[in-house]
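Worksheet: the structure to be examined is printed underneath.
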Amino acid sequence: MLALAATAAGSALATPGSGTASAVLARGTLDGHVKLKVRHHRSDVVVQQVTIAPGGTTGWHTHPGPAVVVVKAGSFTLYDGDDRTCTGKTYSAGQVFIDPGRGHVHIGRNQGSDNVELNVTFLDVPVGGEARIDAPAPGNCPF
């Protein structure tokens, strides 16, 4: 009973926004626990919408820090540079994954017939720096 009264009082005291607009760009579910650390005392956060056409690829790369990826549409297959079997992990619309960055070389591919849409939040990017660092193919995959 007390919790119900507190909830009702909280709603009555709430202050609705005014003159604002917002839109959800993507929503996904993250399975598991997450612990993130940033290395730089001062760093940029970069938010990017990425579209990959059928047959398209991100190219081999890494990031200066972690990247939180929400798959908005399509199926996105991620290959790790240190996986000697070159076994991709596919993420579908509504799924979320975190790329650790910091030298973790990988490539993403759209192996489907529809566009892939990703919303990516890059953390711990040096101020004014790039969120993506190109990398040579590690030689574990035929592409």
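So you can find residues: chains in the structure tokens are A, B, ... in the order shown, residues in each start at 1, and ligands are numbered from 1 in order.
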Compile the contact shell of Asp124 (chain A) as a PDB file with N, CA and C atoms, in the first residue's frame: residues with an atom at most 10 Å away, counting only C-alpha atoms, same-chain residues fewer than 2 positions apart removed.
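The new file out39.pdb reads:
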ATOM      1  N   LYS A  37      35.286   0.124 -19.293  1.00  0.00           N
ATOM      2  CA  LYS A  37      36.279   1.045 -18.755  1.00  0.00           C
ATOM      3  C   LYS A  37      36.753   1.950 -19.867  1.00  0.00           C
ATOM      4  N   VAL A  38      36.959   3.196 -19.539  1.00  0.00           N
ATOM      5  CA  VAL A  38      37.562   4.115 -20.499  1.00  0.00           C
ATOM      6  C   VAL A  38      38.976   4.407 -20.020  1.00  0.00           C
ATOM      7  N   ARG A  39      39.871   4.628 -20.972  1.00  0.00           N
ATOM      8  CA  ARG A  39      41.271   4.849 -20.636  1.00  0.00           C
ATOM      9  C   ARG A  39      41.631   6.320 -20.557  1.00  0.00           C
ATOM     10  N   HIS A  40      40.942   7.118 -21.328  1.00  0.00           N
ATOM     11  CA  HIS A  40      41.277   8.535 -21.399  1.00  0.00           C
ATOM     12  C   HIS A  40      40.438   9.330 -20.399  1.00  0.00           C
ATOM     13  N   HIS A  41      41.087  10.230 -19.689  1.00  0.00           N
ATOM     14  CA  HIS A  41      40.383  11.072 -18.721  1.00  0.00           C
ATOM     15  C   HIS A  41      39.342  11.928 -19.440  1.00  0.00           C
ATOM     16  N   ARG A  42      39.690  12.398 -20.612  1.00  0.00           N
ATOM     17  CA  ARG A  42      38.789  13.215 -21.423  1.00  0.00           C
ATOM     18  C   ARG A  42      38.739  12.568 -22.799  1.00  0.00           C
ATOM     19  N   SER A  43      37.563  12.244 -23.277  1.00  0.00           N
ATOM     20  CA  SER A  43      37.442  11.580 -24.574  1.00  0.00           C
ATOM     21  C   SER A  43      36.113  11.923 -25.222  1.00  0.00           C
ATOM     22  N   ASP A  44      36.028  11.641 -26.510  1.00  0.00           N
ATOM     23  CA  ASP A  44      34.785  11.866 -27.250  1.00  0.00           C
ATOM     24  C   ASP A  44      33.917  10.611 -27.231  1.00  0.00           C
ATOM     25  N   VAL A  45      32.630  10.816 -27.362  1.00  0.00           N
ATOM     26  CA  VAL A  45      31.661   9.760 -27.640  1.00  0.00           C
ATOM     27  C   VAL A  45      31.118  10.076 -29.020  1.00  0.00           C
ATOM     28  N   VAL A  46      31.181   9.103 -29.917  1.00  0.00           N
ATOM     29  CA  VAL A  46      30.736   9.294 -31.296  1.00  0.00           C
ATOM     30  C   VAL A  46      29.577   8.348 -31.554  1.00  0.00           C
ATOM     31  N   HIS A  63      38.859  -0.184 -33.114  1.00  0.00           N
ATOM     32  CA  HIS A  63      38.409   1.103 -32.580  1.00  0.00           C
ATOM     33  C   HIS A  63      39.285   1.476 -31.386  1.00  0.00           C
ATOM     34  N   PRO A  64      39.389   2.770 -31.078  1.00  0.00           N
ATOM     35  CA  PRO A  64      40.225   3.151 -29.939  1.00  0.00           C
ATOM     36  C   PRO A  64      39.661   2.700 -28.589  1.00  0.00           C
ATOM     37  N   GLY A  65      38.365   2.506 -28.519  1.00  0.00           N
ATOM     38  CA  GLY A  65      37.711   2.075 -27.285  1.00  0.00           C
ATOM     39  C   GLY A  65      36.524   1.201 -27.620  1.00  0.00           C
ATOM     40  N   PRO A  66      35.701   0.872 -26.629  1.00  0.00           N
ATOM     41  CA  PRO A  66      34.543   0.021 -26.862  1.00  0.00           C
ATOM     42  C   PRO A  66      33.507   0.673 -27.783  1.00  0.00           C
ATOM     43  N   ALA A  67      32.754  -0.170 -28.478  1.00  0.00           N
ATOM     44  CA  ALA A  67      31.658   0.280 -29.334  1.00  0.00           C
ATOM     45  C   ALA A  67      30.417  -0.545 -29.000  1.00  0.00           C
ATOM     46  N   GLY A 101      37.090  -3.067 -28.937  1.00  0.00           N
ATOM     47  CA  GLY A 101      38.040  -2.118 -29.505  1.00  0.00           C
ATOM     48  C   GLY A 101      39.443  -2.392 -29.003  1.00  0.00           C
ATOM     49  N   ARG A 102      40.266  -1.327 -28.959  1.00  0.00           N
ATOM     50  CA  ARG A 102      41.621  -1.409 -28.397  1.00  0.00           C
ATOM     51  C   ARG A 102      42.442  -2.532 -29.022  1.00  0.00           C
ATOM     52  N   PHE A 122      30.408   4.834 -30.098  1.00  0.00           N
ATOM     53  CA  PHE A 122      31.833   4.606 -29.854  1.00  0.00           C
ATOM     54  C   PHE A 122      32.242   5.383 -28.610  1.00  0.00           C
ATOM     55  N   PRO A 126      39.716   9.379 -28.749  1.00  0.00           N
ATOM     56  CA  PRO A 126      40.507  10.570 -28.433  1.00  0.00           C
ATOM     57  C   PRO A 126      39.806  11.833 -28.951  1.00  0.00           C
ATOM     58  N   VAL A 127      39.844  12.901 -28.189  1.00  0.00           N
ATOM     59  CA  VAL A 127      39.155  14.136 -28.547  1.00  0.00           C
ATOM     60  C   VAL A 127      39.578  14.566 -29.955  1.00  0.00           C
ATOM     61  N   GLY A 129      39.545  12.761 -32.525  1.00  0.00           N
ATOM     62  CA  GLY A 129      40.127  11.630 -33.259  1.00  0.00           C
ATOM     63  C   GLY A 129      39.088  10.795 -33.984  1.00  0.00           C
ATOM     64  N   ALA A 131      36.931   7.343 -34.834  1.00  0.00           N
ATOM     65  CA  ALA A 131      36.317   6.234 -34.111  1.00  0.00           C
ATOM     66  C   ALA A 131      36.704   4.887 -34.714  1.00  0.00           C
TER      67      ALA A 131
END
If we count only C-alpha atoms, what is near Leu118 (chain A) at a cut-off of 8 Å, once residues fewer than 2 positions away on the same chain are taken out, given as an NGL selection string?
-> :A and (49-51 or 69-73 or 116 or 120)
Would you save the residues of that selection, restricted to C-alpha atoms, as a JSON list (two decimals), in the first residue's frame?
[["chain", "number", "residue", "atom", "x", "y", "z"],
["A", 49, "GLN", "CA", 24.32, 5.26, -38.14],
["A", 50, "VAL", "CA", 25.87, 2.70, -40.49],
["A", 51, "THR", "CA", 24.14, 1.15, -43.50],
["A", 69, "VAL", "CA", 26.25, -1.77, -31.57],
["A", 70, "VAL", "CA", 22.48, -2.06, -31.98],
["A", 71, "VAL", "CA", 21.38, -3.94, -35.08],
["A", 72, "LYS", "CA", 18.37, -1.97, -36.28],
["A", 73, "ALA", "CA", 17.65, -3.96, -39.46],
["A", 116, "VAL", "CA", 21.93, -3.87, -42.65],
["A", 120, "VAL", "CA", 26.85, 2.45, -33.06]]
Compile the contact shell of Asp82 (chain A) as number ranges by chain: residues with an atom at most 8 Å away, counting only C-alpha atoms, same-chain residues fewer than 2 positions apart removed.
-> A: 80, 84, 105, 138, 140
Determine, counting only C-alpha atoms, which protein, DNA and RNA residues have an atom within 12 Å of an atom of Glu117 (chain A); residues of the same chain fewer than 4 positions away are not included. Present the result as a PyMOL selection string.
-> chain A and resi 25-27+48-54+56+69-76+91-95+108-110
Neighbour list for Thr62 (chain A) as a list in words, cut-off 7 Å, only C-alpha atoms, skip fewer than 4 positions in-chain =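 With the cut-off at 7 Å, the set is Gly101, Arg102, Gly103, His104, Val105, His106, Arg132, Ile133, Asp134 and Ala135 of chain A.
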Kindly export the residues of the current selection with C-alpha atoms, as an mmCIF file, in the first residue's frame.
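And here's out_15.cif as it stands now:
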data_model
loop_
_atom_site.group_PDB
_atom_site.id
_atom_site.type_symbol
_atom_site.label_atom_id
_atom_site.label_comp_id
_atom_site.auth_asym_id
_atom_site.auth_seq_id
_atom_site.Cartn_x
_atom_site.Cartn_y
_atom_site.Cartn_z
ATOM 1 C CA GLY A 101 38.040 -2.118 -29.505
ATOM 2 C CA ARG A 102 41.621 -1.409 -28.397
ATOM 3 C CA GLY A 103 43.269 -3.567 -31.046
ATOM 4 C CA HIS A 104 40.468 -6.127 -31.434
ATOM 5 C CA VAL A 105 40.640 -6.454 -35.239
ATOM 6 C CA HIS A 106 37.429 -7.557 -36.933
ATOM 7 C CA ARG A 132 37.632 3.694 -36.631
ATOM 8 C CA ILE A 133 41.202 2.514 -37.211
ATOM 9 C CA ASP A 134 41.802 0.575 -40.446
ATOM 10 C CA ALA A 135 43.776 -2.657 -40.078
#
Restricting the calculation to only C-alpha atoms, which member of A:Thr77, A:Asp114, A:Cys86, A:Phe97 is positioned closest to His33 (chain A)?
->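 Nearest candidate to His33 (chain A) out of A:Thr77, A:Asp114, A:Cys86, A:Phe97: A:Phe97.
CA of Leu30 (chain A) is found 22.5 Å from CA of Gln111 (chain A).
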Pull the alpha helix (DSSP H) assignments for chain A out of DSSP run on the backbone, and list those residues as a list in words.
->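 DSSP on the backbone gives alpha helix (DSSP H) at Leu2, Ala3, Leu4, Ala5, Ala6, Thr7, Ala8, Ala9, Gly10, Ser11, Ala12 and Leu13 of chain A.
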Best match for closeness to Val96 (chain A) among A:Gly112, A:Gly28, A:Gly17, A:Gly81, counting only C-alpha atoms |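 Checking each of A:Gly112, A:Gly28, A:Gly17, A:Gly81 against Val96 (chain A), counting only C-alpha atoms, the winner is A:Gly28.
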Please give the complete set of residues from region 35-126 of chain A that DSSP, run on the backbone, assigns to strand (DSSP E), formatted as JSON, numbers by chain.
-> {"A": [44, 45, 46, 47, 48, 49, 50, 51, 52, 61, 62, 67, 68, 69, 70, 71, 72, 73, 75, 76, 77, 78, 79, 80, 89, 90, 91, 92, 96, 97, 98, 99, 106, 107, 108, 109, 116, 117, 118, 119, 120, 121, 122, 123, 124, 125]}
Between CA of Asn119 (chain A) and CA of Gly32 (chain A), what is the distance, to one decimal in Å?
->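 Computing it gives 19.5 Å between the two atoms.
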